[in-house]
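Asker: model-v1.cif is the file, holding mmCIF, C-alpha atoms and all ligand atoms:
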data_data
#
loop_
_atom_site.group_PDB
_atom_site.id
_atom_site.type_symbol
_atom_site.label_atom_id
_atom_site.label_comp_id
_atom_site.auth_asym_id
_atom_site.auth_seq_id
_atom_site.Cartn_x
_atom_site.Cartn_y
_atom_site.Cartn_z
ATOM 1 C CA MET A 1 96.720 127.768 -205.589
ATOM 2 C CA ARG A 2 94.072 125.446 -206.909
ATOM 3 C CA ASP A 3 94.682 123.503 -210.089
ATOM 4 C CA VAL A 4 98.041 122.079 -209.076
ATOM 5 C CA ASP A 5 96.841 118.698 -210.248
ATOM 6 C CA SER A 6 95.928 119.978 -213.699
ATOM 7 C CA LEU A 7 99.256 121.805 -213.892
ATOM 8 C CA LEU A 8 101.103 118.576 -213.157
ATOM 9 C CA LYS A 9 98.948 116.656 -215.621
ATOM 10 C CA ASP A 10 99.633 119.202 -218.364
ATOM 11 C CA TYR A 11 103.310 119.044 -217.513
ATOM 12 C CA ARG A 12 103.435 115.275 -217.784
ATOM 13 C CA ASN A 13 101.565 115.313 -221.092
ATOM 14 C CA SER A 14 103.850 117.891 -222.708
ATOM 15 C CA SER A 15 106.981 117.181 -224.677
ATOM 16 C CA LYS A 16 108.195 120.755 -225.093
ATOM 17 C CA ARG A 17 108.161 122.752 -221.897
ATOM 18 C CA LEU A 18 109.446 126.193 -220.968
ATOM 19 C CA LEU A 19 110.001 127.143 -217.326
ATOM 20 C CA LEU A 20 110.818 130.781 -216.612
ATOM 21 C CA LEU A 21 111.851 131.101 -212.975
ATOM 22 C CA ASP A 22 112.813 134.171 -211.015
ATOM 23 C CA TYR A 23 115.528 133.530 -208.427
ATOM 24 C CA ASP A 24 115.377 135.696 -205.269
ATOM 25 C CA GLY A 25 112.154 135.303 -203.330
ATOM 26 C CA THR A 26 110.948 132.643 -205.776
ATOM 27 C CA LEU A 27 113.481 129.801 -205.831
ATOM 28 C CA VAL A 28 115.247 130.885 -202.634
ATOM 29 C CA PRO A 29 113.869 132.867 -199.684
ATOM 30 C CA HIS A 30 115.008 136.444 -199.281
ATOM 31 C CA ALA A 31 117.898 137.007 -196.913
ATOM 32 C CA ASP A 32 119.103 140.153 -195.176
ATOM 33 C CA ASP A 33 122.268 140.131 -197.217
ATOM 34 C CA PRO A 34 121.450 139.473 -200.886
ATOM 35 C CA ARG A 35 125.081 138.592 -201.542
ATOM 36 C CA LYS A 36 124.743 135.456 -199.470
ATOM 37 C CA VAL A 37 121.850 133.637 -201.088
ATOM 38 C CA GLU A 38 123.594 130.949 -203.101
ATOM 39 C CA PRO A 39 121.530 128.039 -204.402
ATOM 40 C CA ASP A 40 121.259 125.383 -201.696
ATOM 41 C CA GLU A 41 121.714 121.690 -202.256
ATOM 42 C CA GLU A 42 118.008 120.973 -202.615
ATOM 43 C CA LEU A 43 117.584 123.682 -205.245
ATOM 44 C CA VAL A 44 120.613 122.552 -207.245
ATOM 45 C CA GLY A 45 119.122 119.057 -207.221
ATOM 46 C CA ILE A 46 115.736 120.310 -208.407
ATOM 47 C CA LEU A 47 117.240 122.383 -211.216
ATOM 48 C CA ALA A 48 119.555 119.554 -212.271
ATOM 49 C CA GLU A 49 116.627 117.223 -212.561
ATOM 50 C CA LEU A 50 114.410 119.684 -214.429
ATOM 51 C CA SER A 51 117.111 120.833 -216.823
ATOM 52 C CA GLY A 52 118.377 117.279 -217.323
ATOM 53 C CA ASP A 53 115.056 116.377 -218.929
ATOM 54 C CA GLN A 54 115.371 116.833 -222.709
ATOM 55 C CA ARG A 55 111.796 118.070 -222.883
ATOM 56 C CA ASN A 56 112.489 121.043 -220.612
ATOM 57 C CA THR A 57 114.044 124.437 -221.204
ATOM 58 C CA VAL A 58 114.746 126.076 -217.867
ATOM 59 C CA VAL A 59 115.468 129.800 -217.736
ATOM 60 C CA ILE A 60 116.515 131.606 -214.560
ATOM 61 C CA VAL A 61 115.086 135.104 -215.001
ATOM 62 C CA SER A 62 116.866 137.207 -212.412
ATOM 63 C CA GLY A 63 117.896 140.696 -211.417
ATOM 64 C CA ARG A 64 121.330 139.344 -210.473
ATOM 65 C CA ASP A 65 124.404 140.141 -212.527
ATOM 66 C CA LYS A 66 125.933 137.849 -215.127
ATOM 67 C CA ARG A 67 128.942 136.899 -213.083
ATOM 68 C CA THR A 68 126.934 135.765 -210.067
ATOM 69 C CA LEU A 69 124.495 133.746 -212.157
ATOM 70 C CA GLU A 70 127.310 132.118 -214.125
ATOM 71 C CA LYS A 71 129.112 131.151 -210.960
ATOM 72 C CA TRP A 72 126.007 129.726 -209.302
ATOM 73 C CA PHE A 73 124.639 127.822 -212.280
ATOM 74 C CA LYS A 74 127.829 126.855 -214.076
ATOM 75 C CA ASN A 75 127.238 123.128 -213.809
ATOM 76 C CA LEU A 76 123.625 123.259 -214.871
ATOM 77 C CA ASN A 77 122.138 123.218 -218.325
ATOM 78 C CA VAL A 78 119.955 126.300 -217.761
ATOM 79 C CA ASP A 79 119.515 129.501 -219.730
ATOM 80 C CA LEU A 80 119.945 132.788 -217.884
ATOM 81 C CA VAL A 81 118.503 136.279 -217.837
ATOM 82 C CA ALA A 82 120.694 138.680 -215.867
ATOM 83 C CA GLU A 83 119.905 142.142 -214.502
ATOM 84 C CA HIS A 84 116.196 141.991 -215.317
ATOM 85 C CA GLY A 85 116.845 141.421 -218.982
ATOM 86 C CA ALA A 86 119.951 143.499 -219.689
ATOM 87 C CA ALA A 87 121.779 140.320 -220.667
ATOM 88 C CA VAL A 88 120.541 136.893 -221.710
ATOM 89 C CA ARG A 89 122.391 133.595 -222.061
ATOM 90 C CA LYS A 90 120.754 131.200 -224.458
ATOM 91 C CA SER A 91 122.373 127.856 -225.295
ATOM 92 C CA GLY A 92 125.566 129.015 -223.599
ATOM 93 C CA GLU A 93 125.943 132.321 -225.488
ATOM 94 C CA TRP A 94 125.563 135.716 -223.819
ATOM 95 C CA LYS A 95 123.829 138.609 -225.564
ATOM 96 C CA SER A 96 123.611 142.065 -223.984
ATOM 97 C CA VAL A 97 122.047 145.399 -224.564
ATOM 98 C CA GLU A 98 124.793 147.994 -224.835
ATOM 99 C CA SER A 99 126.077 149.519 -221.643
ATOM 100 C CA ILE A 100 126.855 153.206 -221.342
ATOM 101 C CA ASP A 101 128.103 153.956 -217.901
ATOM 102 C CA ASP A 102 128.387 157.718 -217.495
ATOM 103 C CA TRP A 103 124.906 158.128 -216.008
ATOM 104 C CA LYS A 104 125.762 155.853 -213.112
ATOM 105 C CA GLU A 105 128.084 158.292 -211.371
ATOM 106 C CA SER A 106 125.459 160.974 -210.809
ATOM 107 C CA ILE A 107 122.923 158.424 -209.586
ATOM 108 C CA ARG A 108 125.520 156.855 -207.309
ATOM 109 C CA GLN A 109 126.141 160.192 -205.581
ATOM 110 C CA VAL A 110 122.451 160.467 -204.709
ATOM 111 C CA LEU A 111 122.271 156.867 -203.510
ATOM 112 C CA GLU A 112 125.313 157.429 -201.307
ATOM 113 C CA LEU A 113 123.467 160.205 -199.503
ATOM 114 C CA TYR A 114 120.672 157.769 -198.768
ATOM 115 C CA VAL A 115 123.096 155.129 -197.543
ATOM 116 C CA ASP A 116 124.457 157.689 -195.063
ATOM 117 C CA ARG A 117 120.950 158.607 -193.934
ATOM 118 C CA THR A 118 119.613 155.043 -193.735
ATOM 119 C CA PRO A 119 121.705 152.701 -191.574
ATOM 120 C CA GLY A 120 121.764 149.157 -192.937
ATOM 121 C CA SER A 121 121.108 150.160 -196.538
ATOM 122 C CA PHE A 122 123.768 149.773 -199.210
ATOM 123 C CA ILE A 123 124.489 150.223 -202.908
ATOM 124 C CA GLU A 124 125.019 147.467 -205.418
ATOM 125 C CA GLU A 125 126.475 148.395 -208.753
ATOM 126 C CA LYS A 126 125.706 146.051 -211.607
ATOM 127 C CA GLU A 127 126.847 146.117 -215.192
ATOM 128 C CA PHE A 128 123.662 147.732 -216.459
ATOM 129 C CA SER A 129 122.129 149.311 -213.400
ATOM 130 C CA ILE A 130 122.710 150.663 -209.927
ATOM 131 C CA VAL A 131 120.680 149.528 -206.937
ATOM 132 C CA TRP A 132 119.861 150.777 -203.437
ATOM 133 C CA HIS A 133 119.026 147.937 -201.038
ATOM 134 C CA TYR A 134 117.175 148.658 -197.794
ATOM 135 C CA ARG A 135 116.083 145.237 -196.583
ATOM 136 C CA LYS A 136 118.452 145.419 -193.621
ATOM 137 C CA ALA A 137 117.418 148.942 -192.636
ATOM 138 C CA ASP A 138 114.800 149.696 -189.982
ATOM 139 C CA PRO A 139 111.555 148.916 -191.873
ATOM 140 C CA GLU A 140 109.812 152.191 -191.125
ATOM 141 C CA LEU A 141 112.820 154.364 -191.844
ATOM 142 C CA GLY A 142 113.628 152.311 -194.933
ATOM 143 C CA GLN A 143 110.122 152.795 -196.280
ATOM 144 C CA ARG A 144 110.216 156.535 -195.666
ATOM 145 C CA ARG A 145 113.637 157.012 -197.232
ATOM 146 C CA ALA A 146 112.660 154.854 -200.194
ATOM 147 C CA ALA A 147 109.704 157.138 -200.919
ATOM 148 C CA GLU A 148 111.937 160.212 -200.640
ATOM 149 C CA LEU A 149 114.614 158.692 -202.816
ATOM 150 C CA GLU A 150 112.087 157.746 -205.442
ATOM 151 C CA ASN A 151 110.938 161.369 -205.664
ATOM 152 C CA VAL A 152 114.481 162.643 -205.966
ATOM 153 C CA LEU A 153 115.332 160.091 -208.635
ATOM 154 C CA MET A 154 112.157 160.829 -210.591
ATOM 155 C CA SER A 155 113.125 164.449 -211.071
ATOM 156 C CA LEU A 156 116.733 163.506 -211.733
ATOM 157 C CA ILE A 157 115.926 161.110 -214.559
ATOM 158 C CA ALA A 158 113.148 163.147 -216.151
ATOM 159 C CA GLY A 159 113.863 163.493 -219.855
ATOM 160 C CA THR A 160 116.541 160.773 -219.885
ATOM 161 C CA ASP A 161 116.217 157.183 -221.066
ATOM 162 C CA LEU A 162 116.672 155.909 -217.528
ATOM 163 C CA ASN A 163 113.919 154.418 -215.442
ATOM 164 C CA ILE A 164 113.298 153.408 -211.871
ATOM 165 C CA LEU A 165 112.448 149.886 -210.858
ATOM 166 C CA LYS A 166 110.944 149.367 -207.427
ATOM 167 C CA GLY A 167 111.488 145.785 -206.334
ATOM 168 C CA ASP A 168 111.104 144.124 -202.974
ATOM 169 C CA LYS A 169 113.102 146.419 -200.625
ATOM 170 C CA VAL A 170 115.216 147.688 -203.494
ATOM 171 C CA ILE A 171 115.185 150.683 -205.800
ATOM 172 C CA GLU A 172 117.034 150.199 -209.025
ATOM 173 C CA VAL A 173 117.917 152.677 -211.750
ATOM 174 C CA ARG A 174 118.536 151.375 -215.239
ATOM 175 C CA ARG A 175 118.267 152.244 -218.876
ATOM 176 C CA ALA A 176 114.710 152.093 -220.166
ATOM 177 C CA GLY A 177 113.507 149.321 -222.429
ATOM 178 C CA VAL A 178 115.106 146.584 -220.402
ATOM 179 C CA ASP A 179 112.776 144.297 -218.503
ATOM 180 C CA LYS A 180 112.112 140.635 -217.846
ATOM 181 C CA GLY A 181 109.213 140.552 -220.288
ATOM 182 C CA ARG A 182 111.282 141.776 -223.173
ATOM 183 C CA ALA A 183 114.028 139.319 -222.266
ATOM 184 C CA ALA A 184 111.543 136.448 -222.164
ATOM 185 C CA LEU A 185 110.586 137.128 -225.798
ATOM 186 C CA GLU A 186 113.887 135.432 -226.670
ATOM 187 C CA TRP A 187 112.257 132.142 -225.704
ATOM 188 C CA LEU A 188 108.539 132.751 -226.134
ATOM 189 C CA SER A 189 108.592 132.427 -229.912
ATOM 190 C CA GLY A 190 109.232 128.694 -229.481
ATOM 191 C CA ASP A 191 106.477 126.171 -229.984
ATOM 192 C CA TRP A 192 105.857 125.279 -226.337
ATOM 193 C CA SER A 193 103.205 122.865 -225.208
ATOM 194 C CA PHE A 194 103.695 123.767 -221.539
ATOM 195 C CA LEU A 195 104.739 127.140 -220.216
ATOM 196 C CA LEU A 196 105.254 128.093 -216.595
ATOM 197 C CA ALA A 197 106.599 131.357 -215.160
ATOM 198 C CA ALA A 198 107.092 132.159 -211.487
ATOM 199 C CA GLY A 199 108.145 135.309 -209.699
ATOM 200 C CA ASN A 200 107.601 137.270 -206.527
ATOM 201 C CA ASP A 201 107.989 140.986 -207.137
ATOM 202 C CA VAL A 202 107.024 143.853 -209.376
ATOM 203 C CA THR A 203 109.833 143.162 -211.880
ATOM 204 C CA ASP A 204 108.198 139.801 -212.627
ATOM 205 C CA GLU A 205 104.972 141.513 -213.693
ATOM 206 C CA ASP A 206 106.659 142.431 -216.993
ATOM 207 C CA LEU A 207 107.281 138.745 -217.490
ATOM 208 C CA PHE A 208 103.709 137.741 -216.632
ATOM 209 C CA SER A 209 102.359 140.351 -219.033
ATOM 210 C CA VAL A 210 103.963 138.823 -222.135
ATOM 211 C CA LEU A 211 102.915 135.218 -221.519
ATOM 212 C CA PRO A 212 100.407 133.534 -223.803
ATOM 213 C CA GLU A 213 96.926 132.847 -222.440
ATOM 214 C CA ASN A 214 97.406 129.153 -221.716
ATOM 215 C CA SER A 215 100.506 129.643 -219.529
ATOM 216 C CA TYR A 216 100.793 128.921 -215.850
ATOM 217 C CA SER A 217 101.928 132.148 -214.199
ATOM 218 C CA ILE A 218 102.586 131.899 -210.482
ATOM 219 C CA LYS A 219 103.085 134.698 -208.019
ATOM 220 C CA ILE A 220 104.883 133.904 -204.766
ATOM 221 C CA GLY A 221 103.238 136.007 -202.061
ATOM 222 C CA PHE A 222 99.914 137.780 -202.050
ATOM 223 C CA SER A 223 100.427 141.308 -203.355
ATOM 224 C CA PRO A 224 98.313 142.077 -206.430
ATOM 225 C CA SER A 225 99.665 140.488 -209.572
ATOM 226 C CA ARG A 226 98.911 139.703 -213.193
ATOM 227 C CA ALA A 227 99.778 136.100 -212.428
ATOM 228 C CA LYS A 228 96.963 133.566 -212.614
ATOM 229 C CA TYR A 229 97.983 131.644 -209.532
ATOM 230 C CA TYR A 230 99.372 132.374 -206.127
ATOM 231 C CA LEU A 231 101.593 130.341 -203.861
ATOM 232 C CA ARG A 232 102.591 131.416 -200.408
ATOM 233 C CA SER A 233 106.254 130.543 -200.267
ATOM 234 C CA VAL A 234 109.432 129.376 -201.941
ATOM 235 C CA HIS A 235 108.820 126.054 -200.226
ATOM 236 C CA GLU A 236 105.452 125.647 -201.936
ATOM 237 C CA LEU A 237 106.862 126.541 -205.344
ATOM 238 C CA ARG A 238 109.697 124.062 -204.977
ATOM 239 C CA GLY A 239 107.109 121.458 -204.170
ATOM 240 C CA VAL A 240 105.064 122.210 -207.256
ATOM 241 C CA ILE A 241 107.994 122.254 -209.669
ATOM 242 C CA THR A 242 109.213 118.950 -208.331
ATOM 243 C CA GLY A 243 105.844 117.468 -209.188
ATOM 244 C CA ARG A 244 104.463 117.039 -205.715
ATOM 245 C CA ARG A 245 100.832 117.821 -205.248
ATOM 246 C CA LEU A 246 100.129 120.905 -203.214
ATOM 247 C CA LEU A 247 98.627 118.846 -200.444
ATOM 248 C CA GLU A 248 101.869 116.937 -200.045
ATOM 249 C CA VAL A 249 103.907 120.098 -200.141
ATOM 250 C CA LEU A 250 101.864 121.658 -197.415
ATOM 251 C CA LEU A 251 101.761 118.606 -195.249
ATOM 252 C CA GLY A 252 105.461 117.919 -195.327
ATOM 253 C CA ARG A 253 107.060 114.529 -194.834
ATOM 254 C CA ARG A 254 105.504 113.692 -191.522
ATOM 255 C CA GLY A 255 102.062 114.568 -192.763
ATOM 256 C CA ILE A 256 102.463 112.371 -195.834
ATOM 257 C CA ALA A 257 103.665 109.448 -193.750
ATOM 258 C CA LEU A 258 100.656 109.815 -191.493
ATOM 259 C CA ARG A 259 98.370 110.125 -194.450
ATOM 260 C CA GLU A 260 99.643 106.911 -195.958
ATOM 261 C CA LYS A 261 99.658 105.019 -192.711
ATOM 262 C CA LEU A 262 96.197 106.006 -191.654
ATOM 263 C CA GLY A 263 94.457 106.415 -194.969
ATOM 264 C CA ILE A 264 93.460 109.967 -194.150
ATOM 265 C CA ARG A 265 92.740 112.777 -196.554
ATOM 266 C CA GLY A 266 94.276 115.690 -194.766
ATOM 267 C CA VAL A 267 96.302 116.488 -191.723
ATOM 268 C CA LEU A 268 96.401 119.476 -189.507
ATOM 269 C CA ARG A 269 99.805 120.032 -188.100
ATOM 270 C CA LYS A 270 99.230 121.554 -184.746
ATOM 271 C CA SER A 271 102.721 122.947 -184.493
ATOM 272 C CA VAL A 272 102.366 124.874 -187.712
ATOM 273 C CA GLY A 273 98.654 125.397 -187.488
ATOM 274 C CA LEU A 274 98.287 124.671 -191.147
ATOM 275 C CA PHE A 275 95.591 122.617 -192.698
ATOM 276 C CA CYS A 276 94.766 121.903 -196.255
ATOM 277 C CA ASP A 277 92.211 119.523 -197.688
ATOM 278 C CA GLU A 278 91.963 117.715 -200.975
ATOM 279 C CA ALA A 279 90.378 120.744 -202.620
ATOM 280 C CA HIS A 280 93.424 122.786 -201.608
ATOM 281 C CA ASN A 281 91.554 124.934 -199.161
ATOM 282 C CA VAL A 282 94.247 126.348 -196.975
ATOM 283 C CA PHE A 283 93.635 127.770 -193.559
ATOM 284 C CA SER A 284 95.782 130.550 -192.268
ATOM 285 C CA GLU A 285 98.366 129.843 -189.648
ATOM 286 C CA LYS A 286 96.266 131.737 -187.153
ATOM 287 C CA THR A 287 93.221 129.539 -187.584
ATOM 288 C CA SER A 288 92.612 127.599 -184.406
ATOM 289 C CA VAL A 289 92.488 123.839 -184.381
ATOM 290 C CA GLN A 290 88.878 124.019 -183.193
ATOM 291 C CA ALA A 291 87.870 126.321 -186.034
ATOM 292 C CA VAL A 292 89.382 123.982 -188.593
ATOM 293 C CA ALA A 293 87.739 120.982 -186.983
ATOM 294 C CA GLN A 294 84.392 122.740 -187.050
ATOM 295 C CA PHE A 295 84.840 123.676 -190.699
ATOM 296 C CA MET A 296 85.617 120.089 -191.617
ATOM 297 C CA VAL A 297 82.616 118.703 -189.803
ATOM 298 C CA GLU A 298 80.241 121.373 -191.136
ATOM 299 C CA ASN A 299 81.357 120.793 -194.682
ATOM 300 C CA ASN A 300 81.205 117.031 -194.461
ATOM 301 C CA ILE A 301 84.881 116.812 -195.259
ATOM 302 C CA GLY A 302 85.306 114.081 -192.726
ATOM 303 C CA SER A 303 85.617 113.295 -189.095
ATOM 304 C CA VAL A 304 88.400 114.650 -187.024
ATOM 305 C CA PHE A 305 90.704 112.817 -184.706
ATOM 306 C CA VAL A 306 94.019 113.411 -183.044
ATOM 307 C CA VAL A 307 97.184 111.421 -183.696
ATOM 308 C CA ASP A 308 100.424 112.240 -181.942
ATOM 309 C CA GLU A 309 99.146 115.720 -181.177
ATOM 310 C CA THR A 310 98.258 116.067 -184.795
ATOM 311 C CA LEU A 311 94.704 116.664 -185.794
ATOM 312 C CA ALA A 312 93.942 114.455 -188.718
ATOM 313 C CA LEU A 313 91.055 113.950 -191.042
ATOM 314 C CA ARG A 314 89.814 110.472 -191.779
ATOM 315 C CA GLU A 315 88.654 109.416 -195.201
HETATM 316 MG MG MG A 401 112.453 137.911 -207.060
#
Since I need it in another form, could you write the structure as structure tokens?

Answerer:
Amino acid sequence: MRDVDSLLKDYRNSSKRLLLLDYDGTLVPHADDPRKVEPDEELVGILAELSGDQRNTVVIVSGRDKRTLEKWFKNLNVDLVAEHGAAVRKSGEWKSVESIDDWKESIRQVLELYVDRTPGSFIEEKEFSIVWHYRKADPELGQRRAAELENVLMSLIAGTDLNILKGDKVIEVRRAGVDKGRAALEWLSGDWSFLLAAGNDVTDEDLFSVLPENSYSIKIGFSPSRAKYYLRSVHELRGVITGRRLLEVLLGRRGIALREKLGIRGVLRKSVGLFCDEAHNVFSEKTSVQAVAQFMVENNIGSVFVVDETLALRE
């Protein structure tokens, strides 16, 4: 992602800011068991700081259910969107779309067949939807069964007001007309001078699609997206929303210390194989040290030297 500096500048110059943040895969990395991914200490600290600033409105826009989100964020002054928009909590008050449950039973029976046929997969029932998770299944089998299940569900829901949501290693069935974009409208009518939204999967595209032109929309990961910017990982996003420049995020603590000590502009961490320069050019983890060195010399970025097994770039 280029433009991190202008994002941070805009942020600092704004007095009314809206941050719409997806949870799984955006603020925390995905885990095999989605029930286990509670906010860690670092994240709680970040959210406390952001939401403690009077100028900020922080909204967690998640597919998780109300109860889980309430439990996890109970001590934080954040607004919540649960179940991809089926329920929203604004200034402490929950509002929901109505829930009619009788459709769930027939869908559940189909999903149960797929749980039996796909070891490692399981069903999660939420207040407004029912979900088949296959992250823990064998990837190839999971993919194949997911495609089959999608076909079965498509014919099953034809002519109803249900729809299918394909997320990252999940298939979810829910009532139509509920999505993160629609939920975000609750906040978007405000007079914001800075607006940032971040998400990692297809359900976040609905959110990106309703944002005004001057917003910062950030996709975590590299699959095609409506978002304007891409970051590679939860780690990078956390860095950006805590106001660190991308270079610092990528370099990590040791890299920053070296940078300060030696007055260098960039550092290649040999162990990680990651290099990024002032212009935020990022090399892939597979790029060899020699290739990066050559690039730097050819582009007059600087001279290259080695410190503590770390290839560094002198100003
Ligand atoms: Mg997500």

Asker: Can I get the residues close to ligand MG 401 (chain A) as a PDB file with C-alpha atoms, in the coordinates of the input, where close means within 8 Å and we count all atoms listed in the file?

Answerer:
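Written out: selection_3.pdb:
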ATOM      1  CA  ASP A  22     112.813 134.171-211.015  1.00  0.00           C
ATOM      2  CA  TYR A  23     115.528 133.530-208.427  1.00  0.00           C
ATOM      3  CA  ASP A  24     115.377 135.696-205.269  1.00  0.00           C
ATOM      4  CA  GLY A  25     112.154 135.303-203.330  1.00  0.00           C
ATOM      5  CA  THR A  26     110.948 132.643-205.776  1.00  0.00           C
ATOM      6  CA  SER A  62     116.866 137.207-212.412  1.00  0.00           C
ATOM      7  CA  GLY A  63     117.896 140.696-211.417  1.00  0.00           C
ATOM      8  CA  GLY A 167     111.488 145.785-206.334  1.00  0.00           C
ATOM      9  CA  ASP A 168     111.104 144.124-202.974  1.00  0.00           C
ATOM     10  CA  GLY A 199     108.145 135.309-209.699  1.00  0.00           C
ATOM     11  CA  ASN A 200     107.601 137.270-206.527  1.00  0.00           C
ATOM     12  CA  ASP A 201     107.989 140.986-207.137  1.00  0.00           C
ATOM     13  CA  THR A 203     109.833 143.162-211.880  1.00  0.00           C
ATOM     14  CA  ASP A 204     108.198 139.801-212.627  1.00  0.00           C
TER      15      ASP A 204
END

Asker: What lies within 8 Å of A:Leu19 using only C-alpha atoms, ignoring chain neighbours under 4 positions off, as a PyMOL selection string?

Answerer: chain A and resi 56-59+195-197

Asker: Going by the chain IDs and residue numbers used in this file, which residues fall under the PyMOL selection byres (((chain A and resi 8) around 9) and not hetatm)? Write them as a list of chain:residue names.

Answerer: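 Here the PyMOL selection byres (((chain A and resi 8) around 9) and not hetatm) matches A:Asp3, A:Val4, A:Asp5, A:Ser6, A:Leu7, A:Lys9, A:Asp10, A:Tyr11, A:Arg12, A:Asn13, A:Val240, A:Ile241, A:Gly243, A:Arg244, A:Arg245.
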
Asker: Find, counting only C-alpha atoms, the residue in A:Asp138, A:Glu93, A:Asp79, A:Asp161 that gets nearest to A:Val61.

Answerer: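 With only C-alpha atoms as the atom set, the closest residue is A:Asp79.
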
Asker: One decimal, in Å: what's the spacing between atom CA of A:Asp33 and atom CA of A:Glu236?

Answerer: 22.7 Å

Asker: With distances taken over only C-alpha atoms, which residue among A:Arg108, A:Glu125, A:Trp72, A:Pro29 lies nearest A:Leu237?

Answerer: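 Checking each of A:Arg108, A:Glu125, A:Trp72, A:Pro29 against A:Leu237, counting only C-alpha atoms, the winner is A:Pro29.
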
Asker: Between A:Lys36, A:Arg64, A:Lys74, A:Lys180, which is the closest to A:Ile130 once you count all atoms listed in the file?

Answerer: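 Distance minimum relative to A:Ile130 lands on A:Arg64.
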
Asker: Name the residues captured by the PyMOL selection byres (((chain A and resi 186) around 12) and not hetatm) when it is applied to the shown file; answer as a list in words.

Answerer: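 Selected by the PyMOL selection byres (((chain A and resi 186) around 12) and not hetatm) in this file: Leu18, Leu20, Val59, Val61, Asp79, Leu80, Val81, Gly85, Ala87, Val88, Arg89, Lys90, Ser91, Lys95, Lys180, Gly181, Arg182, Ala183, Ala184, Leu185, Trp187, Leu188, Ser189, Gly190, Leu207 and Val210 of chain A.
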
Asker: Might you pull out every residue within 10 Å of A:Thr118, with only C-alpha atoms counted and same-chain residues fewer than 6 positions away left off, and present them as a PyMOL selection string?

Answerer: chain A and resi 112+134+136-138+141-142+144-146

Asker: Would you work out the distance separating atom CA of A:Arg174 from atom CA of A:Ser129, expressed in Å to one decimal?

Answerer: 4.5 Å

Asker: Could you give me, as a PyMOL selection string, the residues that have an atom at most 10 Å away from the point (121.9, 150.4, -220.1) in the coordinates of the file, using only C-alpha atoms?

Answerer: chain A and resi 86+96-101+103-104+127-129+161-162+173-178

Asker: Ranking A:Glu148, A:Glu140, A:Asp65, A:Asp102 by minimum distance to A:Tyr114 and counting all atoms listed in the file, which one comes first?

Answerer: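 Closest to A:Tyr114 of all the choices is A:Glu148.
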
Asker: Give me, please, the distance in Å between atom CA of A:Ser193 and atom CA of A:Arg17, quoted to one decimal.

Answerer: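 These atoms are spaced 6.0 Å apart.
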
Asker: Give the padded box for stretch 63-73 of chain A as AutoDock Vina command-line options: axis-aligned, covering all atoms listed in the file, 6 Å on each side, centre and edge lengths in Å to one decimal.

Answerer:
--center_x 123.5 --center_y 134.3 --center_z -212.2 --size_x 23.2 --size_y 24.9 --size_z 17.8

Asker: For each of A:Ile123, A:Leu111, A:Ala82, A:Leu47, take the minimum atom-to-atom distance to A:Leu156, counting all atoms listed in the file, then give the residue where this is smallest.

Answerer: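 For A:Leu156, the nearest of the given residues is A:Leu111.
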
Asker: When the PyMOL selection byres (((chain A and resi 15) around 6) and not hetatm) is applied to the file above, which residues end up in the set, as a PyMOL selection string?

Answerer: chain A and resi 14+16+55

Asker: Can you work out which one of A:Gln54, A:Phe208, A:Thr242, A:Asn214 has the shortest atom-to-atom distance to A:Arg226, counting all atoms listed in the file?

Answerer: A:Phe208

Asker: Which residues, written as a ChimeraX atom specification, have at least one atom at most 9 Å from A:Leu43, with all atoms listed in the file counted and residues fewer than 3 positions away on the same chain left out?

Answerer: /A:27-28,39-40,46-48,238
